[in-house]
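Right, one structure below, let's go through it.
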Amino acid sequence: VRAKLLGLPGSLRSNSNSLAVLRGLQDALPAGISMDIRDLRLPLYEQDIDTPEAPAEVRAFRQAIADADGVVIVTPEYNYGMPGVLKNALDWASRPYGKSALNGKPVLVISNSPAFTGGVRAHQQVNDTLLAIPANLVGGAQVVIGTVGEKIRDGKLADEAVLKFALGAIGKMVAAAGK
Ligand code: FNR
């Protein structure tokens, strides 16, 4: 197995739990699987600038998705939904229509929250958006991390049971990528 993944945190916060989840997973990946983490600091989606000369950050973002064998999205929940930052990035990634870098791309969605509910409503919204593109969503048991603050040590997800569960889902995604 040799797979290159792209990790996308749905929060721009420097001390983000979502980023910490990705960092913990990045460290725990088995040999042969690597993951780059990229923040979603992009201009606001605007169809007028969604041309072949789209902003350089957008073109680089789309290229990073195209270059990855699979994408891991870790999202928090904002007001019972996905953060605007993530929706904005998915809207950029969804275009050009019919030629999205996410089209058919294996994607694993993980949600997290300091609350017991684990961001499950945001998880559902991200799934719906990915179905519109359509990406190749990893199905089965959803990776939803509740009380995430208790599971982070030194800026990284450090809960063995959660790591094991999430790595199992990553394994499914890598298999879907044919790796
Ligand atoms: C939140 N938070 C939150 N949590 C939750 O479980 N359900 C929710 O609906 C919301 N709503 C919400 C709205 C806004 C605007 C903010 C800023 C926060 C709390 C949220 O889970 C918490 O701030 C996380 O730490 C955010 O994720 P990161 O930045 O740690 O990845």
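Every chain in the structure tokens takes a letter, A first, then B, and so on in the order presented; its residues are numbered from 1, and the ligands are numbered from 1 following the presented order.
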At a cut-off of 7 Å, using only C-alpha atoms, what residues contact range 92-98 of chain A? Leave out same-chain residues fewer than 5 positions from it and give the result as a PyMOL selection string. chain A and resi 45+62+133
Preceding selection exported with C-alpha atoms as a PDB file, in the first residue's frame:
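Final output, result-v7.pdb:
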```
ATOM      1  CA  TYR A  45     -16.801  31.637  -3.647  1.00  0.00           C
ATOM      2  CA  ARG A  62      -7.965  21.980  -6.487  1.00  0.00           C
ATOM      3  CA  ILE A 133     -20.551  16.611  -6.495  1.00  0.00           C
TER       4      ILE A 133
END
```
As a quick test: using only C-alpha atoms and all ligand atoms, which residues lie no more than 10 Å away from ligand 1? Give them as a ChimeraX atom specification. /A:9-21,74-84,111-122,146-149
Those residues you just picked out, can you put them in a file as an mmCIF file, in the first residue's frame with C-alpha atoms?
```cif
data_model
loop_
_atom_site.group_PDB
_atom_site.id
_atom_site.type_symbol
_atom_site.label_atom_id
_atom_site.label_comp_id
_atom_site.auth_asym_id
_atom_site.auth_seq_id
_atom_site.Cartn_x
_atom_site.Cartn_y
_atom_site.Cartn_z
ATOM 1 C CA PRO A 9 -9.732 20.809 8.835
ATOM 2 C CA GLY A 10 -13.078 22.625 8.754
ATOM 3 C CA SER A 11 -11.788 25.278 11.165
ATOM 4 C CA LEU A 12 -9.140 27.981 10.688
ATOM 5 C CA ARG A 13 -8.503 28.362 14.440
ATOM 6 C CA SER A 14 -4.819 27.840 15.306
ATOM 7 C CA ASN A 15 -5.741 25.746 18.363
ATOM 8 C CA SER A 16 -8.462 23.858 16.477
ATOM 9 C CA ASN A 17 -9.611 20.476 17.757
ATOM 10 C CA SER A 18 -10.308 19.472 14.161
ATOM 11 C CA LEU A 19 -6.689 20.176 13.271
ATOM 12 C CA ALA A 20 -5.579 18.229 16.351
ATOM 13 C CA VAL A 21 -7.619 15.236 15.180
ATOM 14 C CA VAL A 74 -12.458 16.770 9.849
ATOM 15 C CA THR A 75 -15.255 19.194 10.614
ATOM 16 C CA PRO A 76 -16.552 20.890 13.730
ATOM 17 C CA GLU A 77 -20.216 21.863 13.998
ATOM 18 C CA TYR A 78 -21.288 25.494 13.892
ATOM 19 C CA ASN A 79 -24.927 26.179 14.737
ATOM 20 C CA TYR A 80 -26.037 22.649 13.847
ATOM 21 C CA GLY A 81 -24.281 22.719 10.496
ATOM 22 C CA MET A 82 -20.892 22.726 8.811
ATOM 23 C CA PRO A 83 -18.752 25.868 9.153
ATOM 24 C CA GLY A 84 -18.993 28.331 6.275
ATOM 25 C CA SER A 111 -16.883 15.280 12.789
ATOM 26 C CA ASN A 112 -15.937 16.347 16.289
ATOM 27 C CA SER A 113 -17.201 18.502 19.097
ATOM 28 C CA PRO A 114 -16.540 19.268 22.750
ATOM 29 C CA ALA A 115 -20.208 18.226 23.141
ATOM 30 C CA PHE A 116 -21.441 14.632 23.402
ATOM 31 C CA THR A 117 -23.200 15.021 20.047
ATOM 32 C CA GLY A 118 -19.843 14.986 18.220
ATOM 33 C CA GLY A 119 -20.912 17.338 15.429
ATOM 34 C CA VAL A 120 -23.139 14.703 13.853
ATOM 35 C CA ARG A 121 -25.413 17.309 12.233
ATOM 36 C CA ALA A 122 -22.431 18.904 10.482
ATOM 37 C CA GLY A 146 -17.763 13.547 21.038
ATOM 38 C CA THR A 147 -16.111 15.226 24.051
ATOM 39 C CA VAL A 148 -13.092 15.696 21.816
ATOM 40 C CA GLY A 149 -11.267 17.982 24.267
#
```
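Minimum atom-to-atom distance to Asp50 in chain A, evaluated using only C-alpha atoms, belongs to A:Asp91 out of A:Ile33, A:Val85, A:Asp91, A:Asp27.
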Near range 64-66 of chain A, within 12 Å and counting only C-alpha atoms, which residues show up once chain neighbours fewer than 2 positions away are dropped, as a PyMOL selection string? chain A and resi 4-8+35-40+57-62+68-73+89-90+92-94+99-107+135
Residues of the last selection are to be written out with N, CA and C atoms, as a compact mmCIF listing (two decimals), in the first residue's frame.
```txt
# COMPACT_ATOMS: atom_id res chain seq x y z
N LYS A 4 -1.28 8.61 -0.73
CA LYS A 4 -1.04 9.98 -0.28
C LYS A 4 -2.40 10.63 -0.04
N LEU A 5 -2.64 11.02 1.19
CA LEU A 5 -3.94 11.59 1.55
C LEU A 5 -3.82 13.10 1.76
N LEU A 6 -4.96 13.75 1.67
CA LEU A 6 -5.04 15.18 1.96
C LEU A 6 -6.00 15.37 3.13
N GLY A 7 -5.52 16.01 4.19
CA GLY A 7 -6.36 16.26 5.37
C GLY A 7 -6.82 17.71 5.38
N LEU A 8 -8.14 17.91 5.52
CA LEU A 8 -8.70 19.26 5.50
C LEU A 8 -9.47 19.54 6.79
N MET A 35 -0.13 11.74 4.91
CA MET A 35 -1.20 12.74 4.80
C MET A 35 -0.64 14.15 4.93
N ASP A 36 -0.91 14.98 3.94
CA ASP A 36 -0.62 16.41 4.04
C ASP A 36 -1.85 17.08 4.63
N ILE A 37 -1.64 18.09 5.46
CA ILE A 37 -2.76 18.85 6.02
C ILE A 37 -2.72 20.25 5.42
N ARG A 38 -3.89 20.69 4.98
CA ARG A 38 -3.97 21.98 4.28
C ARG A 38 -5.12 22.79 4.87
N ASP A 39 -4.90 24.06 5.18
CA ASP A 39 -6.03 24.83 5.72
C ASP A 39 -6.92 25.33 4.58
N LEU A 40 -8.12 25.74 4.93
CA LEU A 40 -9.12 26.10 3.92
C LEU A 40 -9.30 27.61 3.80
N GLU A 57 -4.83 30.58 -4.92
CA GLU A 57 -5.08 29.67 -3.78
C GLU A 57 -6.08 28.60 -4.17
N VAL A 58 -7.07 29.00 -4.97
CA VAL A 58 -8.11 28.06 -5.39
C VAL A 58 -7.53 27.02 -6.33
N ARG A 59 -6.71 27.48 -7.26
CA ARG A 59 -6.11 26.53 -8.20
C ARG A 59 -5.20 25.55 -7.46
N ALA A 60 -4.45 26.06 -6.47
CA ALA A 60 -3.57 25.19 -5.70
C ALA A 60 -4.38 24.19 -4.88
N PHE A 61 -5.50 24.65 -4.34
CA PHE A 61 -6.38 23.77 -3.54
C PHE A 61 -6.93 22.65 -4.42
N ARG A 62 -7.43 23.00 -5.58
CA ARG A 62 -7.97 21.98 -6.49
C ARG A 62 -6.88 20.99 -6.91
N ALA A 68 -4.17 13.94 -4.57
CA ALA A 68 -4.34 13.02 -3.42
C ALA A 68 -5.10 11.76 -3.84
N ASP A 69 -4.76 10.66 -3.20
CA ASP A 69 -5.51 9.42 -3.45
C ASP A 69 -6.83 9.44 -2.70
N GLY A 70 -6.89 10.20 -1.63
CA GLY A 70 -8.12 10.31 -0.85
C GLY A 70 -8.06 11.53 0.04
N VAL A 71 -9.23 12.00 0.45
CA VAL A 71 -9.32 13.23 1.25
C VAL A 71 -9.99 12.91 2.59
N VAL A 72 -9.41 13.42 3.67
CA VAL A 72 -10.00 13.27 5.00
C VAL A 72 -10.45 14.65 5.47
N ILE A 73 -11.75 14.82 5.63
CA ILE A 73 -12.30 16.09 6.11
C ILE A 73 -12.64 15.93 7.58
N ALA A 89 -15.12 26.05 0.79
CA ALA A 89 -14.07 25.27 0.14
C ALA A 89 -14.67 24.16 -0.73
N LEU A 90 -15.72 23.52 -0.24
CA LEU A 90 -16.34 22.44 -1.03
C LEU A 90 -17.00 23.02 -2.28
N TRP A 92 -15.92 25.65 -3.98
CA TRP A 92 -14.81 25.86 -4.92
C TRP A 92 -14.38 24.52 -5.52
N ALA A 93 -14.25 23.52 -4.66
CA ALA A 93 -13.74 22.22 -5.13
C ALA A 93 -14.73 21.54 -6.07
N SER A 94 -16.00 21.90 -5.98
CA SER A 94 -17.04 21.22 -6.76
C SER A 94 -17.01 21.62 -8.23
N LYS A 99 -16.22 18.51 -13.85
CA LYS A 99 -14.77 18.24 -13.89
C LYS A 99 -14.14 18.50 -12.53
N SER A 100 -14.94 18.41 -11.47
CA SER A 100 -14.43 18.64 -10.12
C SER A 100 -13.34 17.64 -9.76
N ALA A 101 -12.30 18.14 -9.09
CA ALA A 101 -11.23 17.25 -8.61
C ALA A 101 -11.79 16.26 -7.59
N LEU A 102 -12.94 16.59 -7.01
CA LEU A 102 -13.55 15.69 -6.01
C LEU A 102 -14.46 14.64 -6.66
N ASN A 103 -14.69 14.77 -7.94
CA ASN A 103 -15.58 13.83 -8.63
C ASN A 103 -15.02 12.41 -8.54
N GLY A 104 -15.73 11.54 -7.84
CA GLY A 104 -15.28 10.16 -7.70
C GLY A 104 -14.14 9.96 -6.72
N LYS A 105 -13.67 11.04 -6.12
CA LYS A 105 -12.52 10.96 -5.18
C LYS A 105 -12.98 10.34 -3.87
N PRO A 106 -12.26 9.34 -3.37
CA PRO A 106 -12.62 8.80 -2.05
C PRO A 106 -12.48 9.87 -0.96
N VAL A 107 -13.53 10.08 -0.20
CA VAL A 107 -13.51 11.09 0.87
C VAL A 107 -14.06 10.47 2.15
N ALA A 135 -18.64 13.03 -4.83
CA ALA A 135 -17.41 12.37 -4.39
C ALA A 135 -17.73 10.92 -4.07
```
Kindly indicate which residue among A:Leu108, A:Leu29, A:Lys151, A:Ala169 lies nearest to Leu130 in chain A, using only C-alpha atoms for the distances.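 Distance minimum relative to Leu130 in chain A lands on A:Leu108.
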I'd like to know which residues of range 35-85 of chain A are strand (DSSP E) (by DSSP, run on the backbone); could you write them as a list of chain:residue names?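 Going through range 35-85 of chain A, the strand (DSSP E) residues come out as A:Met35, A:Asp36, A:Ile37, A:Gly70, A:Val71, A:Val72, A:Ile73, A:Val74, A:Thr75.
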Residues at most 12 Å from Lys172 in chain A, counting only C-alpha atoms, excluding those fewer than 2 positions away in the same chain, as a PDB file with N, CA and C atoms, in the first residue's frame?
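Resulting contents of around_37.pdb:
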```pdb
ATOM      1  N   GLY A  70      -6.893  10.203  -1.625  1.00  0.00           N
ATOM      2  CA  GLY A  70      -8.123  10.306  -0.848  1.00  0.00           C
ATOM      3  C   GLY A  70      -8.059  11.534   0.037  1.00  0.00           C
ATOM      4  N   VAL A  72      -9.407  13.420   3.667  1.00  0.00           N
ATOM      5  CA  VAL A  72     -10.000  13.270   4.999  1.00  0.00           C
ATOM      6  C   VAL A  72     -10.453  14.649   5.470  1.00  0.00           C
ATOM      7  N   PRO A 106     -12.261   9.338  -3.365  1.00  0.00           N
ATOM      8  CA  PRO A 106     -12.616   8.800  -2.049  1.00  0.00           C
ATOM      9  C   PRO A 106     -12.479   9.874  -0.957  1.00  0.00           C
ATOM     10  N   VAL A 107     -13.528  10.078  -0.196  1.00  0.00           N
ATOM     11  CA  VAL A 107     -13.515  11.089   0.865  1.00  0.00           C
ATOM     12  C   VAL A 107     -14.063  10.467   2.151  1.00  0.00           C
ATOM     13  N   LEU A 108     -13.331  10.670   3.233  1.00  0.00           N
ATOM     14  CA  LEU A 108     -13.785  10.259   4.559  1.00  0.00           C
ATOM     15  C   LEU A 108     -14.143  11.506   5.355  1.00  0.00           C
ATOM     16  N   ASN A 136     -16.716  10.131  -3.844  1.00  0.00           N
ATOM     17  CA  ASN A 136     -16.885   8.726  -3.472  1.00  0.00           C
ATOM     18  C   ASN A 136     -16.788   8.634  -1.947  1.00  0.00           C
ATOM     19  N   LEU A 137     -17.933   8.837  -1.325  1.00  0.00           N
ATOM     20  CA  LEU A 137     -18.012   8.921   0.127  1.00  0.00           C
ATOM     21  C   LEU A 137     -17.755   7.560   0.783  1.00  0.00           C
ATOM     22  N   VAL A 138     -16.914   7.538   1.804  1.00  0.00           N
ATOM     23  CA  VAL A 138     -16.716   6.306   2.568  1.00  0.00           C
ATOM     24  C   VAL A 138     -17.947   6.111   3.451  1.00  0.00           C
ATOM     25  N   GLY A 139     -18.674   5.028   3.211  1.00  0.00           N
ATOM     26  CA  GLY A 139     -19.890   4.776   3.974  1.00  0.00           C
ATOM     27  C   GLY A 139     -19.626   3.877   5.173  1.00  0.00           C
ATOM     28  N   GLY A 140     -20.692   3.392   5.737  1.00  0.00           N
ATOM     29  CA  GLY A 140     -20.572   2.542   6.929  1.00  0.00           C
ATOM     30  C   GLY A 140     -20.577   3.380   8.182  1.00  0.00           C
ATOM     31  N   ALA A 141     -20.055   2.826   9.252  1.00  0.00           N
ATOM     32  CA  ALA A 141     -20.101   3.498  10.552  1.00  0.00           C
ATOM     33  C   ALA A 141     -19.463   4.884  10.457  1.00  0.00           C
ATOM     34  N   PHE A 165     -10.595   3.326  15.509  1.00  0.00           N
ATOM     35  CA  PHE A 165     -11.833   3.381  14.731  1.00  0.00           C
ATOM     36  C   PHE A 165     -11.638   4.224  13.464  1.00  0.00           C
ATOM     37  N   ALA A 166     -11.013   5.395  13.622  1.00  0.00           N
ATOM     38  CA  ALA A 166     -10.812   6.291  12.478  1.00  0.00           C
ATOM     39  C   ALA A 166      -9.816   5.688  11.485  1.00  0.00           C
ATOM     40  N   LEU A 167      -8.799   5.020  11.980  1.00  0.00           N
ATOM     41  CA  LEU A 167      -7.822   4.403  11.067  1.00  0.00           C
ATOM     42  C   LEU A 167      -8.464   3.278  10.268  1.00  0.00           C
ATOM     43  N   GLY A 168      -9.433   2.587  10.870  1.00  0.00           N
ATOM     44  CA  GLY A 168     -10.182   1.555  10.137  1.00  0.00           C
ATOM     45  C   GLY A 168     -10.924   2.177   8.956  1.00  0.00           C
ATOM     46  N   ALA A 169     -11.532   3.345   9.193  1.00  0.00           N
ATOM     47  CA  ALA A 169     -12.256   4.041   8.123  1.00  0.00           C
ATOM     48  C   ALA A 169     -11.286   4.540   7.054  1.00  0.00           C
ATOM     49  N   ILE A 170     -10.118   4.997   7.477  1.00  0.00           N
ATOM     50  CA  ILE A 170      -9.104   5.427   6.504  1.00  0.00           C
ATOM     51  C   ILE A 170      -8.671   4.228   5.649  1.00  0.00           C
ATOM     52  N   VAL A 174      -8.666   4.025   1.603  1.00  0.00           N
ATOM     53  CA  VAL A 174      -7.493   3.676   0.807  1.00  0.00           C
ATOM     54  C   VAL A 174      -7.826   2.500  -0.117  1.00  0.00           C
ATOM     55  N   ALA A 175      -8.636   1.562   0.382  1.00  0.00           N
ATOM     56  CA  ALA A 175      -9.062   0.433  -0.454  1.00  0.00           C
ATOM     57  C   ALA A 175      -9.940   0.949  -1.600  1.00  0.00           C
ATOM     58  N   ALA A 176     -10.811   1.917  -1.302  1.00  0.00           N
ATOM     59  CA  ALA A 176     -11.680   2.481  -2.352  1.00  0.00           C
ATOM     60  C   ALA A 176     -10.848   3.189  -3.412  1.00  0.00           C
ATOM     61  N   ALA A 177      -9.682   3.692  -3.020  1.00  0.00           N
ATOM     62  CA  ALA A 177      -8.788   4.366  -3.981  1.00  0.00           C
ATOM     63  C   ALA A 177      -8.010   3.349  -4.812  1.00  0.00           C
ATOM     64  N   GLY A 178      -8.226   2.072  -4.509  1.00  0.00           N
ATOM     65  CA  GLY A 178      -7.536   1.020  -5.256  1.00  0.00           C
ATOM     66  C   GLY A 178      -6.089   0.874  -4.852  1.00  0.00           C
ATOM     67  N   LYS A 179      -5.771   1.318  -3.634  1.00  0.00           N
ATOM     68  CA  LYS A 179      -4.369   1.255  -3.163  1.00  0.00           C
ATOM     69  C   LYS A 179      -4.164   0.065  -2.241  1.00  0.00           C
TER      70      LYS A 179
END
```
Using DSSP on the backbone coordinates, identify the residues of chain A assigned to helix (DSSP H, G or I); present them as a PyMOL selection string. chain A and resi 17-28+47-49+56-67+84-93+120-132+148-151+160-176
Could you tell me which of A:Asp67, A:Asp48, A:Glu53, A:Glu160 comes closest to Leu25 in chain A if we count only C-alpha atoms? A:Glu160
